[in-house]
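**Q** I am sharing work10.cif, which consists of mmCIF, C-alpha atoms and all ligand atoms:
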```
data_start
loop_
_atom_site.label_atom_id
_atom_site.label_comp_id
_atom_site.auth_asym_id
_atom_site.auth_seq_id
_atom_site.Cartn_x
_atom_site.Cartn_y
_atom_site.Cartn_z
CA MET A 1 5.60 87.65 -142.92
CA SER A 2 4.35 85.47 -145.78
CA GLU A 3 0.68 84.97 -146.57
CA PHE A 4 0.94 81.45 -145.14
CA GLU A 5 2.51 82.60 -141.90
CA LYS A 6 -0.25 85.20 -141.49
CA LYS A 7 -2.88 82.51 -141.91
CA ILE A 8 -1.17 80.30 -139.33
CA ALA A 9 -1.11 83.14 -136.84
CA GLN A 10 -4.83 83.71 -137.44
CA TYR A 11 -5.61 80.04 -136.95
CA LYS A 12 -3.70 79.94 -133.69
CA GLU A 13 -5.86 82.77 -132.47
CA LYS A 14 -9.00 81.09 -133.79
CA ILE A 15 -8.16 77.93 -131.89
CA ASN A 16 -7.52 79.81 -128.69
CA ASN A 17 -10.74 81.80 -129.02
CA SER A 18 -13.03 78.88 -129.83
CA LYS A 19 -15.72 78.26 -127.26
CA ASN A 20 -17.02 74.83 -128.00
CA LEU A 21 -16.27 71.54 -129.68
CA ARG A 22 -18.37 72.37 -132.71
CA GLU A 23 -16.23 75.39 -133.52
CA LEU A 24 -13.09 73.36 -132.94
CA VAL A 25 -14.14 70.60 -135.35
CA VAL A 26 -14.61 73.15 -138.13
CA ILE A 27 -11.18 74.67 -137.45
CA ASN A 28 -9.70 71.19 -137.40
CA SER A 29 -10.77 70.43 -140.95
CA GLU A 30 -9.71 73.89 -142.15
CA ILE A 31 -6.20 73.25 -140.83
CA PHE A 32 -5.62 69.49 -140.96
CA GLY A 33 -8.23 68.38 -143.49
CA LYS A 34 -7.64 67.20 -147.04
CA ASN A 35 -8.05 70.72 -148.41
CA GLY A 36 -6.75 72.35 -145.26
CA ILE A 37 -4.06 75.00 -145.27
CA LEU A 38 -1.32 72.55 -144.32
CA ASN A 39 -2.04 70.18 -147.18
CA LEU A 40 -2.28 73.03 -149.65
CA GLU A 41 1.12 74.22 -148.51
CA PHE A 42 2.55 70.70 -148.76
CA LYS A 43 1.37 70.54 -152.36
CA LYS A 44 3.87 73.28 -153.20
CA LEU A 45 6.69 70.86 -152.39
CA GLY A 46 6.58 69.30 -155.85
CA SER A 47 7.50 72.51 -157.65
CA LEU A 48 10.41 73.42 -155.39
CA PRO A 49 14.11 72.84 -156.21
CA VAL A 50 15.53 69.71 -154.55
CA ASP A 51 17.77 71.51 -152.07
CA GLU A 52 14.88 73.62 -150.74
CA LYS A 53 12.42 70.72 -150.43
CA LYS A 54 13.86 69.39 -147.19
CA ARG A 55 13.95 72.70 -145.38
CA PHE A 56 10.44 73.58 -146.59
CA ALA A 57 8.97 70.24 -145.44
CA GLU A 58 10.66 70.57 -142.07
CA THR A 59 9.19 74.04 -141.55
CA ILE A 60 5.65 72.92 -142.36
CA ASN A 61 5.97 69.85 -140.17
CA LYS A 62 7.10 72.01 -137.28
CA ILE A 63 4.12 74.32 -137.83
CA LYS A 64 1.85 71.27 -138.00
CA GLN A 65 3.18 69.93 -134.69
CA GLU A 66 2.80 73.31 -133.05
CA LEU A 67 -0.81 73.68 -134.27
CA SER A 68 -1.62 70.11 -133.15
CA ARG A 69 -0.30 70.87 -129.69
CA ILE A 70 -2.35 74.06 -129.34
CA TYR A 71 -5.37 72.26 -130.74
CA LYS A 72 -5.10 69.39 -128.21
CA VAL A 73 -4.72 71.76 -125.27
CA LYS A 74 -7.82 73.70 -126.30
CA ASN A 75 -9.77 70.53 -127.01
CA ASN A 76 -9.03 69.16 -123.51
CA GLU A 77 -9.84 72.47 -121.94
CA ILE A 78 -13.28 72.52 -123.59
CA LEU A 79 -13.93 68.87 -122.68
CA ASP A 80 -13.06 69.54 -119.02
CA LYS A 81 -15.28 72.59 -119.01
CA ASP A 82 -18.17 70.60 -120.52
CA ILE A 83 -17.83 67.87 -117.89
CA ILE A 84 -17.73 70.36 -115.03
CA GLU A 85 -20.79 72.15 -116.41
CA LYS A 86 -22.62 68.86 -116.86
CA VAL A 87 -21.84 67.71 -113.32
CA GLN A 88 -22.96 71.03 -111.94
CA LYS A 89 -26.17 70.95 -113.93
CA GLU A 90 -26.97 67.41 -112.85
CA LYS A 91 -26.31 68.05 -109.22
CA ILE A 92 -29.50 67.40 -107.24
CA ASP A 93 -30.34 68.71 -103.85
CA VAL A 94 -31.76 65.69 -102.08
CA THR A 95 -33.04 67.86 -99.27
CA LEU A 96 -35.55 69.58 -101.56
CA PRO A 97 -39.15 68.36 -101.33
CA GLU A 98 -40.29 66.03 -104.13
CA LYS A 99 -42.53 67.67 -106.74
CA GLU A 100 -44.05 64.60 -108.27
CA PHE A 101 -44.00 61.17 -106.72
CA LYS A 102 -46.04 58.03 -106.57
CA ILE A 103 -46.46 56.14 -103.34
CA GLY A 104 -46.11 52.38 -103.72
CA LYS A 105 -48.38 50.08 -101.79
CA VAL A 106 -47.57 47.26 -99.43
CA HIS A 107 -48.82 43.89 -100.69
CA PRO A 108 -51.60 42.39 -98.51
CA VAL A 109 -49.40 39.33 -97.84
CA SER A 110 -46.56 41.52 -96.51
CA GLN A 111 -49.07 43.49 -94.47
CA VAL A 112 -50.53 40.33 -92.97
CA ILE A 113 -47.05 39.00 -92.13
CA ASP A 114 -46.33 42.27 -90.31
CA GLU A 115 -49.64 42.06 -88.47
CA ILE A 116 -49.07 38.46 -87.42
CA SER A 117 -45.50 39.16 -86.28
CA CYS A 118 -46.84 42.04 -84.24
CA ILE A 119 -49.50 39.91 -82.56
CA PHE A 120 -47.11 37.10 -81.65
CA SER A 121 -44.38 39.44 -80.48
CA GLU A 122 -46.82 40.71 -77.82
CA ILE A 123 -46.79 37.26 -76.21
CA GLY A 124 -43.05 36.69 -76.45
CA PHE A 125 -42.47 35.04 -79.82
CA SER A 126 -39.48 36.13 -81.85
CA VAL A 127 -39.21 35.92 -85.64
CA GLU A 128 -36.96 33.36 -87.38
CA GLU A 129 -36.23 32.83 -91.05
CA GLY A 130 -35.09 29.93 -93.15
CA PRO A 131 -34.11 29.53 -96.81
CA ASP A 132 -36.58 28.65 -99.58
CA VAL A 133 -34.11 26.12 -100.96
CA GLU A 134 -33.91 23.38 -98.36
CA ASN A 135 -32.36 19.97 -98.05
CA GLU A 136 -34.40 16.82 -97.92
CA TYR A 137 -33.30 16.17 -94.31
CA ASN A 138 -34.66 19.40 -92.82
CA ASN A 139 -37.85 19.34 -94.87
CA PHE A 140 -38.75 15.68 -94.26
CA THR A 141 -36.39 13.32 -92.44
CA ALA A 142 -35.69 15.42 -89.34
CA LEU A 143 -39.43 16.07 -89.17
CA ASN A 144 -40.06 12.36 -88.70
CA THR A 145 -41.14 11.93 -92.32
CA PRO A 146 -39.03 9.02 -93.50
CA GLU A 147 -38.40 7.72 -97.00
CA ASN A 148 -41.56 6.44 -98.71
CA HIS A 149 -43.82 8.21 -96.27
CA PRO A 150 -47.08 9.12 -98.04
CA ALA A 151 -46.77 12.72 -96.78
CA LYS A 152 -43.85 13.16 -99.17
CA ASP A 153 -46.12 12.47 -102.14
CA MET A 154 -48.88 14.56 -100.65
CA HIS A 155 -46.62 17.55 -100.66
CA ASP A 156 -45.99 17.46 -104.42
CA THR A 157 -42.41 18.46 -103.90
CA PHE A 158 -40.35 20.47 -106.38
CA TYR A 159 -36.97 18.73 -106.32
CA LEU A 160 -33.95 20.62 -107.57
CA ASP A 161 -31.65 17.70 -108.27
CA LYS A 162 -31.79 14.14 -109.58
CA ASP A 163 -30.86 12.63 -106.21
CA MET A 164 -33.85 14.36 -104.60
CA LYS A 165 -31.67 15.82 -101.87
CA THR A 166 -32.31 19.51 -102.57
CA LEU A 167 -35.79 20.94 -102.88
CA LEU A 168 -37.99 24.00 -102.54
CA ARG A 169 -39.35 23.74 -99.02
CA THR A 170 -42.91 22.39 -99.03
CA HIS A 171 -43.71 24.02 -95.67
CA THR A 172 -42.09 26.32 -93.12
CA SER A 173 -41.61 23.42 -90.67
CA PRO A 174 -37.89 23.00 -91.56
CA VAL A 175 -37.36 26.29 -89.73
CA GLN A 176 -38.33 24.38 -86.55
CA VAL A 177 -35.38 22.09 -87.21
CA ARG A 178 -32.96 24.90 -88.01
CA THR A 179 -33.99 26.86 -84.93
CA MET A 180 -33.64 23.95 -82.53
CA LEU A 181 -30.33 22.78 -83.99
CA LYS A 182 -28.70 26.18 -83.68
CA GLY A 183 -29.88 27.03 -80.15
CA ARG A 184 -30.82 25.64 -76.78
CA PRO A 185 -34.35 25.28 -75.39
CA PRO A 186 -36.64 27.00 -74.53
CA PHE A 187 -37.74 28.08 -78.03
CA LYS A 188 -40.57 30.44 -78.76
CA ILE A 189 -40.52 31.48 -82.40
CA ILE A 190 -42.62 32.16 -85.44
CA ALA A 191 -41.25 31.83 -88.98
CA PRO A 192 -43.09 33.38 -91.91
CA GLY A 193 -42.02 32.64 -95.46
CA ARG A 194 -42.57 31.29 -98.93
CA THR A 195 -43.37 27.64 -99.49
CA TYR A 196 -43.75 25.63 -102.68
CA ARG A 197 -45.82 22.71 -103.94
CA SER A 198 -46.52 21.56 -107.46
CA ASP A 199 -50.19 22.44 -107.34
CA SER A 200 -52.22 25.09 -109.14
CA ASP A 201 -55.93 25.90 -109.23
CA GLN A 202 -58.26 28.56 -107.87
CA THR A 203 -57.29 27.86 -104.27
CA HIS A 204 -53.70 26.65 -104.78
CA THR A 205 -50.66 28.36 -106.25
CA PRO A 206 -47.25 26.70 -106.70
CA MET A 207 -45.79 29.29 -104.34
CA PHE A 208 -47.69 30.29 -101.24
CA HIS A 209 -46.96 31.60 -97.76
CA GLN A 210 -46.95 29.91 -94.40
CA LEU A 211 -46.22 30.92 -90.88
CA GLU A 212 -44.68 28.38 -88.58
CA GLY A 213 -44.99 28.63 -84.82
CA LEU A 214 -42.93 26.70 -82.30
CA HIS A 215 -43.00 26.84 -78.53
CA ILE A 216 -40.77 24.38 -76.66
CA ASP A 217 -40.26 24.57 -72.92
CA LYS A 218 -40.78 22.49 -69.80
CA ASP A 219 -44.44 21.52 -69.22
CA ILE A 220 -45.96 23.04 -72.33
CA ASN A 221 -49.22 21.29 -73.17
CA MET A 222 -52.10 21.33 -75.64
CA GLY A 223 -53.94 23.87 -73.46
CA HIS A 224 -51.19 26.40 -74.15
CA LEU A 225 -51.55 25.72 -77.86
CA LYS A 226 -55.29 26.33 -77.72
CA GLY A 227 -54.90 29.51 -75.70
CA CYS A 228 -52.21 30.84 -78.01
CA LEU A 229 -54.20 30.20 -81.20
CA ASN A 230 -57.39 31.59 -79.68
CA TYR A 231 -55.57 34.80 -78.74
CA PHE A 232 -54.02 35.02 -82.19
CA ILE A 233 -57.23 34.54 -84.18
CA LYS A 234 -59.12 37.09 -82.10
CA GLU A 235 -56.37 39.68 -82.43
CA PHE A 236 -55.91 39.03 -86.11
CA PHE A 237 -59.57 39.34 -87.09
CA GLU A 238 -60.03 42.12 -84.53
CA VAL A 239 -63.05 40.43 -82.92
CA ASP A 240 -63.90 39.76 -79.25
CA LYS A 241 -65.25 36.27 -79.68
CA ILE A 242 -64.24 33.53 -82.03
CA LYS A 243 -65.69 30.12 -82.75
CA MET A 244 -62.86 27.69 -83.14
CA ARG A 245 -62.75 23.92 -83.43
CA PHE A 246 -59.90 21.42 -83.26
CA ARG A 247 -60.30 18.42 -85.55
CA PRO A 248 -58.07 15.38 -85.06
CA SER A 249 -55.60 15.12 -87.90
CA HIS A 250 -52.26 13.61 -88.74
CA PHE A 251 -48.83 15.09 -89.32
CA PRO A 252 -45.69 12.96 -88.98
CA PHE A 253 -44.01 15.69 -86.90
CA THR A 254 -46.72 16.19 -84.28
CA GLU A 255 -48.50 13.83 -81.90
CA PRO A 256 -51.35 14.41 -81.28
CA SER A 257 -52.14 16.49 -84.36
CA ALA A 258 -55.07 18.70 -85.13
CA GLU A 259 -56.46 20.98 -87.77
CA VAL A 260 -58.14 24.15 -86.68
CA ASP A 261 -61.29 25.55 -88.25
CA ILE A 262 -62.87 28.89 -87.49
CA GLY A 263 -66.58 29.64 -87.66
CA TYR A 264 -68.06 32.08 -90.14
CA ARG A 265 -71.27 33.04 -91.85
CA ILE A 266 -72.12 34.92 -95.02
CA GLU A 267 -74.06 38.13 -94.55
CA ASN A 268 -74.97 40.38 -97.51
CA ASN A 269 -72.51 38.52 -99.69
CA LYS A 270 -69.76 39.21 -97.18
CA ILE A 271 -67.98 36.80 -94.92
CA VAL A 272 -68.37 37.44 -91.17
CA ILE A 273 -65.61 35.75 -89.19
CA GLY A 274 -66.13 34.31 -85.72
CA GLU A 275 -69.82 33.42 -85.79
CA GLY A 276 -72.24 31.25 -87.74
CA ASP A 277 -72.39 27.59 -88.57
CA GLN A 278 -69.90 27.34 -91.41
CA TRP A 279 -66.33 26.17 -90.82
CA LEU A 280 -63.13 27.13 -92.53
CA GLU A 281 -59.80 25.34 -92.11
CA ILE A 282 -56.95 27.73 -91.45
CA LEU A 283 -54.09 25.84 -89.86
CA GLY A 284 -52.46 22.58 -88.82
CA CYS A 285 -50.91 22.04 -85.42
CA GLY A 286 -50.01 19.62 -82.66
CA MET A 287 -47.55 18.65 -79.96
CA VAL A 288 -44.05 18.28 -81.41
CA HIS A 289 -43.25 14.58 -81.90
CA PRO A 290 -40.52 13.26 -79.56
CA ASN A 291 -38.62 11.96 -82.61
CA VAL A 292 -38.41 15.49 -83.98
CA LEU A 293 -37.04 16.76 -80.67
CA LYS A 294 -34.46 13.95 -80.64
CA ASN A 295 -33.43 14.72 -84.23
CA CYS A 296 -32.94 18.32 -83.15
CA LYS A 297 -30.82 17.48 -80.09
CA VAL A 298 -33.55 18.40 -77.63
CA ASP A 299 -34.22 15.93 -74.79
CA PRO A 300 -37.91 14.92 -75.02
CA ALA A 301 -37.84 13.78 -71.39
CA LYS A 302 -37.17 17.33 -70.30
CA PHE A 303 -38.74 19.49 -72.98
CA GLN A 304 -41.92 19.42 -74.97
CA GLY A 305 -44.10 21.85 -76.82
CA PHE A 306 -46.38 22.68 -79.67
CA ALA A 307 -46.03 23.73 -83.28
CA PHE A 308 -48.44 25.12 -85.81
CA GLY A 309 -48.45 26.05 -89.48
CA ILE A 310 -50.79 28.73 -90.77
CA GLY A 311 -51.64 29.49 -94.39
CA ILE A 312 -50.96 33.21 -94.61
CA ASP A 313 -52.50 33.85 -98.02
CA ARG A 314 -55.84 32.44 -96.95
CA LEU A 315 -55.85 34.60 -93.83
CA ALA A 316 -55.16 37.66 -95.97
CA MET A 317 -57.99 36.73 -98.36
CA LEU A 318 -60.42 36.29 -95.47
CA LYS A 319 -59.52 39.45 -93.64
CA TYR A 320 -59.42 41.73 -96.66
CA GLY A 321 -62.15 40.19 -98.83
CA ILE A 322 -59.96 39.02 -101.70
CA ASN A 323 -61.61 36.23 -103.71
CA ASP A 324 -58.99 34.72 -105.94
CA LEU A 325 -55.69 33.52 -104.51
CA ARG A 326 -54.02 33.78 -107.90
CA SER A 327 -54.52 37.54 -108.04
CA PHE A 328 -51.96 37.80 -105.20
CA PHE A 329 -49.16 36.82 -107.51
CA GLU A 330 -50.12 38.47 -110.80
CA CYS A 331 -48.27 41.70 -110.00
CA ASP A 332 -51.07 43.84 -111.44
CA TYR A 333 -50.36 47.41 -110.36
CA ARG A 334 -54.06 48.35 -110.38
CA TRP A 335 -54.86 45.40 -108.10
CA LEU A 336 -52.07 46.37 -105.72
CA ASN A 337 -53.22 49.96 -105.73
CA HIS A 338 -56.67 48.81 -104.65
CA TYR A 339 -55.81 46.10 -102.14
CA GLY A 340 -52.40 47.34 -100.98
CA PHE A 341 -51.55 49.27 -97.83
CA ASP A 342 -49.94 52.61 -97.14
CA PRO A 343 -46.24 51.96 -96.51
CA LEU A 344 -46.20 54.50 -93.69
CA ASP A 345 -49.03 52.75 -91.87
CA VAL A 346 -47.02 50.06 -90.15
CA PRO A 347 -49.24 47.73 -88.10
CA THR A 348 -48.85 48.08 -84.36
CA ASN A 349 -50.81 46.58 -81.50
CA TYR A 350 -51.47 49.88 -79.80
CA ARG A 351 -52.58 51.77 -82.91
CA GLY A 352 -54.65 49.00 -84.37
CA LEU A 353 -53.45 46.48 -86.87
CA SER A 354 -55.23 47.25 -90.09
CA ARG A 355 -56.24 50.90 -89.95
N1 LIG B 1 -46.31 21.83 -91.94
C1 LIG B 1 -47.70 21.52 -91.93
C2 LIG B 1 -48.27 21.73 -93.33
O1 LIG B 1 -47.66 22.35 -94.13
C3 LIG B 1 -48.46 22.38 -90.95
C4 LIG B 1 -48.05 22.09 -89.53
C5 LIG B 1 -47.05 22.79 -88.94
C6 LIG B 1 -48.71 21.11 -88.81
C7 LIG B 1 -46.69 22.54 -87.61
C8 LIG B 1 -48.36 20.84 -87.50
C9 LIG B 1 -47.36 21.56 -86.93
O2 LIG B 1 -49.34 21.27 -93.66
#
```
Let me see the structure of the file written as structure tokens.
Ligand code: PHE
**A**
Amino acid sequence: MSEFEKKIAQYKEKINNSKNLRELVVINSEIFGKNGILNLEFKKLGSLPVDEKKRFAETINKIKQELSRIYKVKNNEILDKDIIEKVQKEKIDVTLPEKEFKIGKVHPVSQVIDEISCIFSEIGFSVEEGPDVENEYNNFTALNTPENHPAKDMHDTFYLDKDMKTLLRTHTSPVQVRTMLKGRPPFKIIAPGRTYRSDSDQTHTPMFHQLEGLHIDKDINMGHLKGCLNYFIKEFFEVDKIKMRFRPSHFPFTEPSAEVDIGYRIENNKIVIGEGDQWLEILGCGMVHPNVLKNCKVDPAKFQGFAFGIGIDRLAMLKYGINDLRSFFECDYRWLNHYGFDPLDVPTNYRGLSR
């Protein structure tokens, strides 16, 4: 066996015994590199007689192919082994208890929506939803708010197209329309959600939350509306008595219309809900206008009912002593940590809403 053949045999063994890619890369350059054994051998070609050149080159090429083959096999073997090891190392047992974790908090607005849904579900309301992006018809026209009606300007609408046909809903009232058009009376629903108006100061944000209520049946009257809202306010603020007043108002989609104020007083710099001689507006309501019922394919001669729209953010501020509406939407983790709720403490009527 020549010196060269001995070396080749050694390299074959070296390849087969290598344990990782680093070792293999070194062997690679020793064999196939510019100054590797194969190239050094090839360099001898020049000094050989012509008739031997061909045979010599063929032999080295064969050896080269053979080494390449062995090298590739080993390389793949190591790669496979590495992947298997990696997968095994990264395997996690999801049944093990967590060592270090942070509990997120539920935003006061989400908490209040849960509380309100809970309270209304007790008296037979189900929850509906509608999209934030509405059409002009559902947001205004079907709600008896025709073209050029001043209410349209009052709402400071965000339109999404030049034709003013698509918009961000300015209130949750379009969910009344959607609900009535897709079903048959009676209807008894609430619809919480985001609403939008181009307005921004300490008490207004361009996006805010409302909760719509709608109860349509035979012989529903204003007394039912009063009873329902009285029950809701008492449950929500967790008080036995509540001072409430209905002020005449105007909405195109209700007749008669009213705004509801609740009584409060300030004691030791804190707001006490339900008593006192100060008034705070919290919602708009009224008996659903016959035109709205007609637009929604409900016969006003047979069915009637009430609707209301509550500002959720304001209720949350009142109940949980939060002063600035804008802080709701700043996404400050420290704020949320302070004002937020334990995600496992889901509000229920029997356990108490806000404990
Ligand atoms: N949609 C009205 C508003 O945003 C509130 C409302 C709802 C009034 C339902 C009456 C009935 O101001």
**Q** So which one's closest to Val175 in chain A, A:Ser68, A:Asn144, A:Asn138, A:Gln88? Using only C-alpha atoms, please.
**A** A:Asn138
**Q** With all atoms listed in the file counted, collect every polymer residue having an atom within 8 Å of ligand LIG 1 (chain B); state the result as a PyMOL selection string.
**A** chain A and resi 170-173+210+212-214+251+253-254+257-259+283-288+306-310
**Q** As an exercise, work out the distance from CA of Met222 in chain A to CA of Pro300 in chain A in Å and give it to one decimal place.
**A** 15.6 Å
**Q** So the first atom is CA of Ile103 in chain A and the second is CA of Phe328 in chain A; what is the distance between them in Å, to one decimal place?
**A**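 For CA of Ile103 in chain A relative to CA of Phe328 in chain A, the distance reads 19.2 Å.
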**Q** As an exercise, work out the distance from CA of Ile220 in chain A to CA of Gly305 in chain A in Å and give it to one decimal place.
**A**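 Atom-to-atom, CA of Ile220 in chain A to CA of Gly305 in chain A, that is 5.0 Å.
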**Q** Anything within 12 Å of (-44.7, 41.6, -86.3): list those residues as a VMD selection string, counting all atoms listed in the file and sticking to the file's coordinates.
**A** chain A and resid 110 to 128 189 to 192 211 236 346 to 349 353
**Q** Selection from above, C-alpha atoms, as a compact mmCIF listing (two decimals), keeping the file's coordinate frame, can you write it?
**A**
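The file below, part21.txt, is the result:
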```txt
# COMPACT_ATOMS: atom_id res chain seq x y z
CA SER A 110 -46.56 41.52 -96.51
CA GLN A 111 -49.07 43.49 -94.47
CA VAL A 112 -50.53 40.33 -92.97
CA ILE A 113 -47.05 39.00 -92.13
CA ASP A 114 -46.33 42.27 -90.31
CA GLU A 115 -49.64 42.06 -88.47
CA ILE A 116 -49.07 38.46 -87.42
CA SER A 117 -45.50 39.16 -86.28
CA CYS A 118 -46.84 42.04 -84.24
CA ILE A 119 -49.50 39.91 -82.56
CA PHE A 120 -47.11 37.10 -81.65
CA SER A 121 -44.38 39.44 -80.48
CA GLU A 122 -46.82 40.71 -77.82
CA ILE A 123 -46.79 37.26 -76.21
CA GLY A 124 -43.05 36.69 -76.45
CA PHE A 125 -42.47 35.04 -79.82
CA SER A 126 -39.48 36.13 -81.85
CA VAL A 127 -39.21 35.92 -85.64
CA GLU A 128 -36.96 33.36 -87.38
CA ILE A 189 -40.52 31.48 -82.40
CA ILE A 190 -42.62 32.16 -85.44
CA ALA A 191 -41.25 31.83 -88.98
CA PRO A 192 -43.09 33.38 -91.91
CA LEU A 211 -46.22 30.92 -90.88
CA PHE A 236 -55.91 39.03 -86.11
CA VAL A 346 -47.02 50.06 -90.15
CA PRO A 347 -49.24 47.73 -88.10
CA THR A 348 -48.85 48.08 -84.36
CA ASN A 349 -50.81 46.58 -81.50
CA LEU A 353 -53.45 46.48 -86.87
```
**Q** Please write range 44-80 of chain A of the preceding block to a file containing C-alpha atoms, as a tab-separated table (two decimals), in the first residue's frame?
**A**
```
chain	number	residue	atom	x	y	z
A	44	LYS	CA	1.76	15.06	-9.23
A	45	LEU	CA	-0.09	14.68	-12.54
A	46	GLY	CA	2.13	17.22	-14.28
A	47	SER	CA	5.31	15.19	-13.81
A	48	LEU	CA	3.86	11.89	-14.99
A	49	PRO	CA	4.36	10.38	-18.48
A	50	VAL	CA	1.39	11.00	-20.81
A	51	ASP	CA	0.18	7.40	-20.92
A	52	GLU	CA	0.02	7.16	-17.11
A	53	LYS	CA	-1.75	10.51	-16.61
A	54	LYS	CA	-5.19	9.24	-17.54
A	55	ARG	CA	-5.11	6.18	-15.32
A	56	PHE	CA	-3.70	8.20	-12.41
A	57	ALA	CA	-6.38	10.90	-12.69
A	58	GLU	CA	-9.11	8.29	-12.89
A	59	THR	CA	-7.87	6.59	-9.73
A	60	ILE	CA	-7.79	9.83	-7.73
A	61	ASN	CA	-11.22	10.85	-9.00
A	62	LYS	CA	-12.62	7.51	-7.92
A	63	ILE	CA	-11.06	7.96	-4.48
A	64	LYS	CA	-12.48	11.49	-4.34
A	65	GLN	CA	-15.98	10.26	-5.16
A	66	GLU	CA	-15.73	7.51	-2.60
A	67	LEU	CA	-14.57	9.94	0.13
A	68	SER	CA	-17.33	12.41	-0.81
A	69	ARG	CA	-19.92	9.69	-0.47
A	70	ILE	CA	-18.69	8.61	2.97
A	71	TYR	CA	-18.43	12.24	4.01
A	72	LYS	CA	-22.04	13.01	2.99
A	73	VAL	CA	-23.41	9.96	4.79
A	74	LYS	CA	-21.61	10.93	8.00
A	75	ASN	CA	-22.62	14.57	7.66
A	76	ASN	CA	-26.31	13.64	7.34
A	77	GLU	CA	-26.05	11.22	10.20
A	78	ILE	CA	-24.66	13.94	12.50
A	79	LEU	CA	-27.28	16.47	11.33
A	80	ASP	CA	-30.10	13.99	12.04
```
